[in-house]
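Have a look at entry_8.cif below; it lists mmCIF, C-alpha atoms and all ligand atoms; chains and numbers go by the auth columns.
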```cif
data_final
loop_
_atom_site.group_PDB
_atom_site.id
_atom_site.type_symbol
_atom_site.label_atom_id
_atom_site.label_comp_id
_atom_site.label_asym_id
_atom_site.label_seq_id
_atom_site.Cartn_x
_atom_site.Cartn_y
_atom_site.Cartn_z
_atom_site.B_iso_or_equiv
_atom_site.auth_seq_id
_atom_site.auth_asym_id
ATOM 1 C CA MET A 1 165.080 -216.724 100.484 0.00 134 A
ATOM 2 C CA ASP A 2 164.529 -219.902 102.482 0.00 135 A
ATOM 3 C CA THR A 3 162.287 -218.610 105.259 0.00 136 A
ATOM 4 C CA LYS A 4 162.594 -221.858 107.229 0.00 137 A
ATOM 5 C CA GLY A 5 166.214 -220.920 107.948 0.00 138 A
ATOM 6 C CA LEU A 6 165.183 -217.660 109.581 0.00 139 A
ATOM 7 C CA SER A 7 164.939 -219.099 113.052 0.00 140 A
ATOM 8 C CA GLY A 8 166.666 -221.917 114.896 0.00 141 A
ATOM 9 C CA LYS A 9 164.166 -221.749 117.713 0.00 142 A
ATOM 10 C CA TYR A 10 160.771 -221.210 116.124 0.00 143 A
ATOM 11 C CA ILE A 11 158.954 -222.726 113.177 0.00 144 A
ATOM 12 C CA VAL A 12 158.705 -220.132 110.410 0.00 145 A
ATOM 13 C CA LYS A 13 155.925 -220.358 107.859 0.00 146 A
ATOM 14 C CA GLU A 14 154.659 -218.191 105.007 0.00 147 A
ATOM 15 C CA LEU A 15 151.173 -217.042 105.977 0.00 148 A
ATOM 16 C CA GLY A 16 148.101 -217.224 103.779 0.00 149 A
ATOM 17 C CA ASP A 17 144.356 -216.755 103.828 0.00 150 A
ATOM 18 C CA SER A 18 143.773 -219.672 106.196 0.00 151 A
ATOM 19 C CA ASP A 19 145.925 -217.897 108.834 0.00 152 A
ATOM 20 C CA ILE A 20 144.057 -214.594 108.788 0.00 153 A
ATOM 21 C CA GLN A 21 141.991 -215.341 111.897 0.00 154 A
ATOM 22 C CA ASP A 22 145.102 -216.211 113.956 0.00 155 A
ATOM 23 C CA ILE A 23 146.900 -213.094 112.697 0.00 156 A
ATOM 24 C CA PHE A 24 143.875 -210.961 113.523 0.00 157 A
ATOM 25 C CA ASN A 25 143.727 -212.394 117.053 0.00 158 A
ATOM 26 C CA LEU A 26 147.408 -211.564 117.565 0.00 159 A
ATOM 27 C CA CYS A 27 147.160 -208.051 116.123 0.00 160 A
ATOM 28 C CA ARG A 28 143.967 -206.894 117.803 0.00 161 A
ATOM 29 C CA GLU A 29 145.533 -207.193 121.286 0.00 162 A
ATOM 30 C CA ASN A 30 148.321 -204.754 120.353 0.00 163 A
ATOM 31 C CA ARG A 31 146.189 -201.684 120.979 0.00 164 A
ATOM 32 C CA LEU A 32 149.020 -199.200 121.484 0.00 165 A
ATOM 33 C CA TYR A 33 150.346 -199.887 117.994 0.00 166 A
ATOM 34 C CA TYR A 34 147.002 -199.027 116.363 0.00 167 A
ATOM 35 C CA GLU A 35 146.685 -195.849 118.437 0.00 168 A
ATOM 36 C CA TYR A 36 149.807 -194.621 116.649 0.00 169 A
ATOM 37 C CA CYS A 37 149.009 -196.385 113.403 0.00 170 A
ATOM 38 C CA PRO A 38 145.224 -196.247 112.844 0.00 171 A
ATOM 39 C CA PRO A 39 142.836 -197.572 111.676 0.00 172 A
ATOM 40 C CA MET A 40 142.378 -200.594 113.916 0.00 173 A
ATOM 41 C CA VAL A 41 143.271 -203.883 112.233 0.00 174 A
ATOM 42 C CA THR A 42 140.558 -205.922 110.497 0.00 175 A
ATOM 43 C CA GLU A 43 140.575 -209.264 108.693 0.00 176 A
ATOM 44 C CA GLU A 44 140.282 -207.303 105.428 0.00 177 A
ATOM 45 C CA SER A 45 143.271 -205.074 106.220 0.00 178 A
ATOM 46 C CA ILE A 46 145.374 -208.178 106.937 0.00 179 A
ATOM 47 C CA LYS A 47 144.360 -209.720 103.629 0.00 180 A
ATOM 48 C CA LYS A 48 145.388 -206.518 101.849 0.00 181 A
ATOM 49 C CA ASP A 49 148.716 -206.329 103.713 0.00 182 A
ATOM 50 C CA MET A 50 149.543 -209.856 102.610 0.00 183 A
ATOM 51 C CA THR A 51 150.039 -208.670 99.043 0.00 184 A
ATOM 52 C CA ALA A 52 150.935 -204.982 99.546 0.00 185 A
ATOM 53 C CA LEU A 53 154.285 -204.071 97.988 0.00 186 A
ATOM 54 C CA PRO A 54 156.637 -201.097 98.123 0.00 187 A
ATOM 55 C CA PRO A 55 157.500 -199.431 94.789 0.00 188 A
ATOM 56 C CA ASN A 56 159.523 -201.410 92.252 0.00 189 A
ATOM 57 C CA THR A 57 159.267 -204.744 94.089 0.00 190 A
ATOM 58 C CA LYS A 58 157.642 -208.017 93.063 0.00 191 A
ATOM 59 C CA ILE A 59 155.469 -210.394 95.056 0.00 192 A
ATOM 60 C CA SER A 60 158.354 -212.903 94.932 0.00 193 A
ATOM 61 C CA ASP A 61 160.411 -210.393 96.984 0.00 194 A
ATOM 62 C CA LYS A 62 157.818 -210.395 99.745 0.00 195 A
ATOM 63 C CA PHE A 63 157.737 -212.740 102.752 0.00 196 A
ATOM 64 C CA TYR A 64 154.702 -212.402 104.971 0.00 197 A
ATOM 65 C CA ILE A 65 155.685 -214.873 107.653 0.00 198 A
ATOM 66 C CA GLY A 66 154.619 -216.259 110.998 0.00 199 A
ATOM 67 C CA PHE A 67 156.775 -217.561 113.837 0.00 200 A
ATOM 68 C CA TYR A 68 155.292 -220.491 115.760 0.00 201 A
ATOM 69 C CA ASP A 69 156.139 -221.870 119.175 0.00 202 A
ATOM 70 C CA GLU A 70 154.504 -225.199 120.024 0.00 203 A
ATOM 71 C CA GLY A 71 151.938 -224.620 117.306 0.00 204 A
ATOM 72 C CA LYS A 72 151.008 -221.160 118.529 0.00 205 A
ATOM 73 C CA LEU A 73 151.528 -218.032 116.417 0.00 206 A
ATOM 74 C CA ILE A 74 153.846 -215.802 118.455 0.00 207 A
ATOM 75 C CA ALA A 75 154.984 -213.250 115.850 0.00 208 A
ATOM 76 C CA VAL A 76 154.154 -211.901 112.402 0.00 209 A
ATOM 77 C CA MET A 77 156.614 -210.211 110.051 0.00 210 A
ATOM 78 C CA ASP A 78 156.340 -208.591 106.639 0.00 211 A
ATOM 79 C CA LEU A 79 159.800 -208.781 105.101 0.00 212 A
ATOM 80 C CA ILE A 80 160.793 -207.434 101.710 0.00 213 A
ATOM 81 C CA SER A 81 163.978 -208.677 100.108 0.00 214 A
ATOM 82 C CA GLY A 82 165.915 -206.147 98.026 0.00 215 A
ATOM 83 C CA TYR A 83 164.194 -202.903 99.008 0.00 216 A
ATOM 84 C CA PRO A 84 165.089 -200.106 98.549 0.00 217 A
ATOM 85 C CA GLU A 85 168.252 -201.655 97.070 0.00 218 A
ATOM 86 C CA GLN A 86 169.238 -205.184 96.161 0.00 219 A
ATOM 87 C CA LYS A 87 171.344 -205.851 99.268 0.00 220 A
ATOM 88 C CA ILE A 88 168.964 -204.243 101.727 0.00 221 A
ATOM 89 C CA ALA A 89 165.980 -205.960 103.368 0.00 222 A
ATOM 90 C CA TYR A 90 162.966 -204.018 104.624 0.00 223 A
ATOM 91 C CA ILE A 91 160.743 -204.920 107.578 0.00 224 A
ATOM 92 C CA GLY A 92 157.322 -203.506 106.734 0.00 225 A
ATOM 93 C CA PHE A 93 155.672 -204.900 109.846 0.00 226 A
ATOM 94 C CA PHE A 94 156.695 -206.825 112.948 0.00 227 A
ATOM 95 C CA MET A 95 154.451 -207.719 115.824 0.00 228 A
ATOM 96 C CA THR A 96 154.593 -210.229 118.665 0.00 229 A
ATOM 97 C CA ASN A 97 151.799 -211.855 120.624 0.00 230 A
ATOM 98 C CA VAL A 98 151.065 -209.773 123.742 0.00 231 A
ATOM 99 C CA ALA A 99 151.037 -212.978 125.793 0.00 232 A
ATOM 100 C CA ILE A 100 154.790 -213.404 125.293 0.00 233 A
ATOM 101 C CA GLN A 101 155.930 -209.766 125.124 0.00 234 A
ATOM 102 C CA LYS A 102 158.711 -208.250 127.243 0.00 235 A
ATOM 103 C CA ARG A 103 160.511 -211.594 127.528 0.00 236 A
ATOM 104 C CA GLY A 104 163.092 -210.968 124.835 0.00 237 A
ATOM 105 C CA VAL A 105 161.304 -212.983 122.133 0.00 238 A
ATOM 106 C CA GLY A 106 161.086 -210.044 119.708 0.00 239 A
ATOM 107 C CA THR A 107 164.788 -209.311 120.161 0.00 240 A
ATOM 108 C CA GLU A 108 165.668 -212.970 119.679 0.00 241 A
ATOM 109 C CA ILE A 109 163.736 -213.124 116.386 0.00 242 A
ATOM 110 C CA ILE A 110 165.388 -209.935 115.099 0.00 243 A
ATOM 111 C CA SER A 111 168.865 -211.189 116.100 0.00 244 A
ATOM 112 C CA GLU A 112 168.342 -214.447 114.233 0.00 245 A
ATOM 113 C CA LEU A 113 166.982 -212.545 111.231 0.00 246 A
ATOM 114 C CA CYS A 114 170.075 -210.308 111.173 0.00 247 A
ATOM 115 C CA ASP A 115 172.417 -213.321 111.326 0.00 248 A
ATOM 116 C CA TYR A 116 170.509 -215.015 108.520 0.00 249 A
ATOM 117 C CA LEU A 117 170.423 -211.968 106.231 0.00 250 A
ATOM 118 C CA LYS A 118 174.098 -211.268 106.834 0.00 251 A
ATOM 119 C CA ARG A 119 174.939 -214.847 105.796 0.00 252 A
ATOM 120 C CA LYS A 120 172.855 -214.277 102.650 0.00 253 A
ATOM 121 C CA GLY A 121 174.933 -211.221 101.736 0.00 254 A
ATOM 122 C CA PHE A 122 172.587 -208.410 102.791 0.00 255 A
ATOM 123 C CA ILE A 123 174.327 -205.293 104.074 0.00 256 A
ATOM 124 C CA SER A 124 171.524 -203.777 106.139 0.00 257 A
ATOM 125 C CA ILE A 125 167.908 -203.896 107.263 0.00 258 A
ATOM 126 C CA ARG A 126 165.654 -200.859 107.098 0.00 259 A
ATOM 127 C CA LEU A 127 162.286 -200.088 108.635 0.00 260 A
ATOM 128 C CA ALA A 128 160.247 -197.189 109.939 0.00 261 A
ATOM 129 C CA TRP A 129 158.306 -196.558 113.145 0.00 262 A
ATOM 130 C CA VAL A 130 155.665 -193.959 113.824 0.00 263 A
ATOM 131 C CA LYS A 131 157.303 -191.009 115.553 0.00 264 A
ATOM 132 C CA GLY A 132 156.480 -190.975 119.244 0.00 265 A
ATOM 133 C CA ASN A 133 155.389 -194.627 119.584 0.00 266 A
ATOM 134 C CA PRO A 134 157.379 -195.408 122.755 0.00 267 A
ATOM 135 C CA GLN A 135 157.133 -199.200 122.442 0.00 268 A
ATOM 136 C CA ALA A 136 158.327 -199.359 118.836 0.00 269 A
ATOM 137 C CA GLU A 137 161.027 -196.731 119.326 0.00 270 A
ATOM 138 C CA HIS A 138 162.414 -198.404 122.450 0.00 271 A
ATOM 139 C CA PHE A 139 162.403 -201.807 120.789 0.00 272 A
ATOM 140 C CA TRP A 140 164.170 -200.806 117.575 0.00 273 A
ATOM 141 C CA LEU A 141 166.785 -198.648 119.326 0.00 274 A
ATOM 142 C CA LYS A 142 167.455 -201.526 121.711 0.00 275 A
ATOM 143 C CA ASN A 143 167.897 -203.723 118.640 0.00 276 A
ATOM 144 C CA MET A 144 170.625 -201.464 117.240 0.00 277 A
ATOM 145 C CA PHE A 145 168.612 -199.658 114.577 0.00 278 A
ATOM 146 C CA VAL A 146 169.845 -196.126 113.969 0.00 279 A
ATOM 147 C CA ALA A 147 167.543 -193.331 112.828 0.00 280 A
ATOM 148 C CA LEU A 148 168.326 -192.123 109.306 0.00 281 A
ATOM 149 C CA LYS A 149 165.688 -189.432 108.926 0.00 282 A
ATOM 150 C CA GLU A 150 162.193 -188.293 109.799 0.00 283 A
ATOM 151 C CA THR A 151 159.867 -188.657 106.860 0.00 284 A
ATOM 152 C CA THR A 152 156.245 -189.293 105.867 0.00 285 A
ATOM 153 C CA SER A 153 154.646 -192.566 104.786 0.00 286 A
ATOM 154 C CA ASN A 154 151.327 -194.081 103.847 0.00 287 A
ATOM 155 C CA VAL A 155 150.794 -195.145 107.489 0.00 288 A
ATOM 156 C CA ALA A 156 151.510 -191.870 109.311 0.00 289 A
ATOM 157 C CA ASP A 157 152.464 -188.246 108.727 0.00 290 A
ATOM 158 C CA SER A 158 155.663 -188.559 110.660 0.00 291 A
ATOM 159 C CA VAL A 159 157.766 -191.713 110.755 0.00 292 A
ATOM 160 C CA ILE A 160 161.384 -192.392 111.636 0.00 293 A
ATOM 161 C CA LEU A 161 163.235 -194.305 108.936 0.00 294 A
ATOM 162 C CA ALA A 162 165.946 -196.408 110.556 0.00 295 A
ATOM 163 C CA GLU A 163 168.650 -198.881 109.593 0.00 296 A
ATOM 164 C CA ARG A 164 170.750 -201.605 111.151 0.00 297 A
ATOM 165 C CA CYS A 165 173.951 -202.400 109.324 0.00 298 A
ATOM 166 C CA LEU A 166 174.780 -206.099 109.244 0.00 299 A
HETATM 167 C C1 LIG B . 157.758 -204.003 119.721 0.00 301 B
HETATM 168 C C2 LIG B . 157.503 -205.496 119.946 0.00 301 B
HETATM 169 C C3 LIG B . 157.669 -206.256 118.640 0.00 301 B
HETATM 170 C C4 LIG B . 158.511 -206.009 120.967 0.00 301 B
HETATM 171 O O1 LIG B . 158.307 -207.411 121.170 0.00 301 B
HETATM 172 P P1 LIG B . 158.810 -208.131 122.507 0.00 301 B
HETATM 173 O O2 LIG B . 158.715 -209.600 122.277 0.00 301 B
HETATM 174 O O3 LIG B . 158.130 -207.563 123.692 0.00 301 B
HETATM 175 O O4 LIG B . 160.332 -207.685 122.511 0.00 301 B
HETATM 176 P P2 LIG B . 161.448 -207.733 123.656 0.00 301 B
HETATM 177 O O5 LIG B . 160.926 -208.437 124.869 0.00 301 B
HETATM 178 O O6 LIG B . 162.678 -208.263 123.008 0.00 301 B
HETATM 179 O O7 LIG B . 161.718 -206.183 123.969 0.00 301 B
HETATM 180 C C5 LIG B . 160.686 -205.328 124.306 0.00 301 B
HETATM 181 C C6 LIG B . 161.239 -204.018 124.821 0.00 301 B
HETATM 182 O O8 LIG B . 160.258 -203.008 124.656 0.00 301 B
HETATM 183 C C7 LIG B . 159.994 -202.396 125.910 0.00 301 B
HETATM 184 N N1 LIG B . 158.638 -201.945 125.951 0.00 301 B
HETATM 185 C C8 LIG B . 157.516 -202.679 125.901 0.00 301 B
HETATM 186 N N2 LIG B . 156.435 -201.878 125.983 0.00 301 B
HETATM 187 C C9 LIG B . 156.906 -200.605 126.054 0.00 301 B
HETATM 188 C C10 LIG B . 156.291 -199.332 126.149 0.00 301 B
HETATM 189 N N3 LIG B . 154.956 -199.191 126.180 0.00 301 B
HETATM 190 N N4 LIG B . 157.090 -198.231 126.190 0.00 301 B
HETATM 191 C C11 LIG B . 158.446 -198.352 126.155 0.00 301 B
HETATM 192 N N5 LIG B . 159.090 -199.539 126.069 0.00 301 B
HETATM 193 C C12 LIG B . 158.313 -200.648 126.033 0.00 301 B
HETATM 194 C C13 LIG B . 160.301 -203.475 126.921 0.00 301 B
HETATM 195 O O9 LIG B . 160.519 -202.951 128.198 0.00 301 B
HETATM 196 C C14 LIG B . 161.558 -204.101 126.290 0.00 301 B
HETATM 197 O O10 LIG B . 162.717 -203.335 126.484 0.00 301 B
HETATM 198 P P3 LIG B . 163.778 -203.647 127.670 0.00 301 B
HETATM 199 O O11 LIG B . 164.322 -205.019 127.423 0.00 301 B
HETATM 200 O O12 LIG B . 164.808 -202.554 127.511 0.00 301 B
HETATM 201 O O13 LIG B . 162.999 -203.560 128.944 0.00 301 B
HETATM 202 C C15 LIG B . 156.077 -205.731 120.547 0.00 301 B
HETATM 203 O O14 LIG B . 155.906 -204.914 121.675 0.00 301 B
HETATM 204 C C16 LIG B . 154.972 -205.436 119.542 0.00 301 B
HETATM 205 O O15 LIG B . 154.599 -206.309 118.779 0.00 301 B
HETATM 206 N N6 LIG B . 154.436 -204.195 119.564 0.00 301 B
HETATM 207 C C17 LIG B . 153.359 -203.819 118.648 0.00 301 B
HETATM 208 C C18 LIG B . 153.849 -203.737 117.212 0.00 301 B
HETATM 209 C C19 LIG B . 155.024 -202.805 117.053 0.00 301 B
HETATM 210 O O16 LIG B . 155.103 -201.740 117.641 0.00 301 B
HETATM 211 N N7 LIG B . 155.962 -203.230 116.204 0.00 301 B
HETATM 212 C C20 LIG B . 157.149 -202.463 115.903 0.00 301 B
HETATM 213 C C21 LIG B . 156.870 -201.359 114.979 0.00 301 B
HETATM 214 S S1 LIG B . 156.766 -201.913 113.283 0.00 301 B
#
```

Output the file's structure as structure tokens, nothing else.
Amino acid sequence: MDTKGLSGKYIVKELGDSDIQDIFNLCRENRLYYEYCPPMVTEESIKKDMTALPPNTKISDKFYIGFYDEGKLIAVMDLISGYPEQKIAYIGFFMTNVAIQKRGVGTEIISELCDYLKRKGFISIRLAWVKGNPQAEHFWLKNMFVALKETTSNVADSVILAERCL
């Protein structure tokens, strides 16, 4: 996957150790998310997330990426290509900078991602949100994700697995 093609508007970059402080600063302001998905983020938890993989996937399938606007990190995404099936992509994490929230930026990034993945031959995107998190639920439903089932995960006892067909 050529991550640079993921957005026409923002610079997209694969994130590494030298970006951990910026990621931490973005994440720590999103308090509501960590109320539903504890524990609170730390620099160590970010470092771990950078290489965490779902079952039967390889590190080359994983894209832990940042979206930049005028040099500033405005969003972080953990994207897995080919999970749980070859033509499905999985968003393990997506978060925007609180300073730019509620202006349609998150929706714009997801729309561009969908266009890109469709062009690449993917048939759908899957993800899960913690049941009851109003912000996440509202956002993903608004972005045309449809609940598939309620299930459990390593982040919470009750999550909603959802899918958007491309
Ligand atoms: C969810 C998130 C990515 C949305 O980013 P964004 O740039 O604000 O996205 P948009 O502006 O396109 O849309 C935000 C929508 O959420 C709504 N929203 C924001 N906070 C909300 C809340 N506490 N309760 C309900 N809806 C809320 C906004 O009103 C808006 O919907 P609207 O256009 O119908 O009014 C961002 O809020 C975030 O990073 N949250 C923390 C991480 C998270 O929950 N990620 C998703 C789960 S993996």

Please evaluate the PyMOL selection byres (((chain A and resi 239) around 9) and not hetatm) against the displayed coordinates and give the resulting residues as a compact mmCIF listing (two decimals) with C-alpha atoms, in the frame of the given file.
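File written: result-v3.txt
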```txt
# COMPACT_ATOMS: atom_id res chain seq x y z
CA ALA A 208 154.98 -213.25 115.85
CA PHE A 227 156.70 -206.82 112.95
CA MET A 228 154.45 -207.72 115.82
CA THR A 229 154.59 -210.23 118.66
CA GLN A 234 155.93 -209.77 125.12
CA LYS A 235 158.71 -208.25 127.24
CA ARG A 236 160.51 -211.59 127.53
CA GLY A 237 163.09 -210.97 124.84
CA VAL A 238 161.30 -212.98 122.13
CA THR A 240 164.79 -209.31 120.16
CA GLU A 241 165.67 -212.97 119.68
CA ILE A 242 163.74 -213.12 116.39
CA ILE A 243 165.39 -209.94 115.10
CA SER A 244 168.86 -211.19 116.10
CA PHE A 272 162.40 -201.81 120.79
```

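The shortest atom-to-atom distance to ligand LIG 301 (chain B), with all atoms listed in the file taken into account, belongs to A:Arg164 out of A:Arg164, A:Lys181, A:Lys142, A:Lys220.
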
Exercise. Quick one: of A:Leu294, A:Ile233, A:Ile221, A:Met134, who's nearest to ligand LIG 301 (chain B), counting all atoms listed in the file?
Worked result: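 The shortest atom-to-atom distance to ligand LIG 301 (chain B) comes from A:Ile233.
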
Exercise. So which residues get picked by the PyMOL selection byres (((chain A and resi 154) around 12) and not hetatm) here, written as an NGL selection string?
Worked result: :A and (148-153 or 155-161 or 174-180 or 206)

For this session: Fewer than 6 positions away in the same chain doesn't count, so skip those; otherwise give me all residues within 10 Å of Thr284 of chain A, counting all atoms listed in the file, as an MDAnalysis selection string.
Result: chainID A and resid 261 263:264 290:294
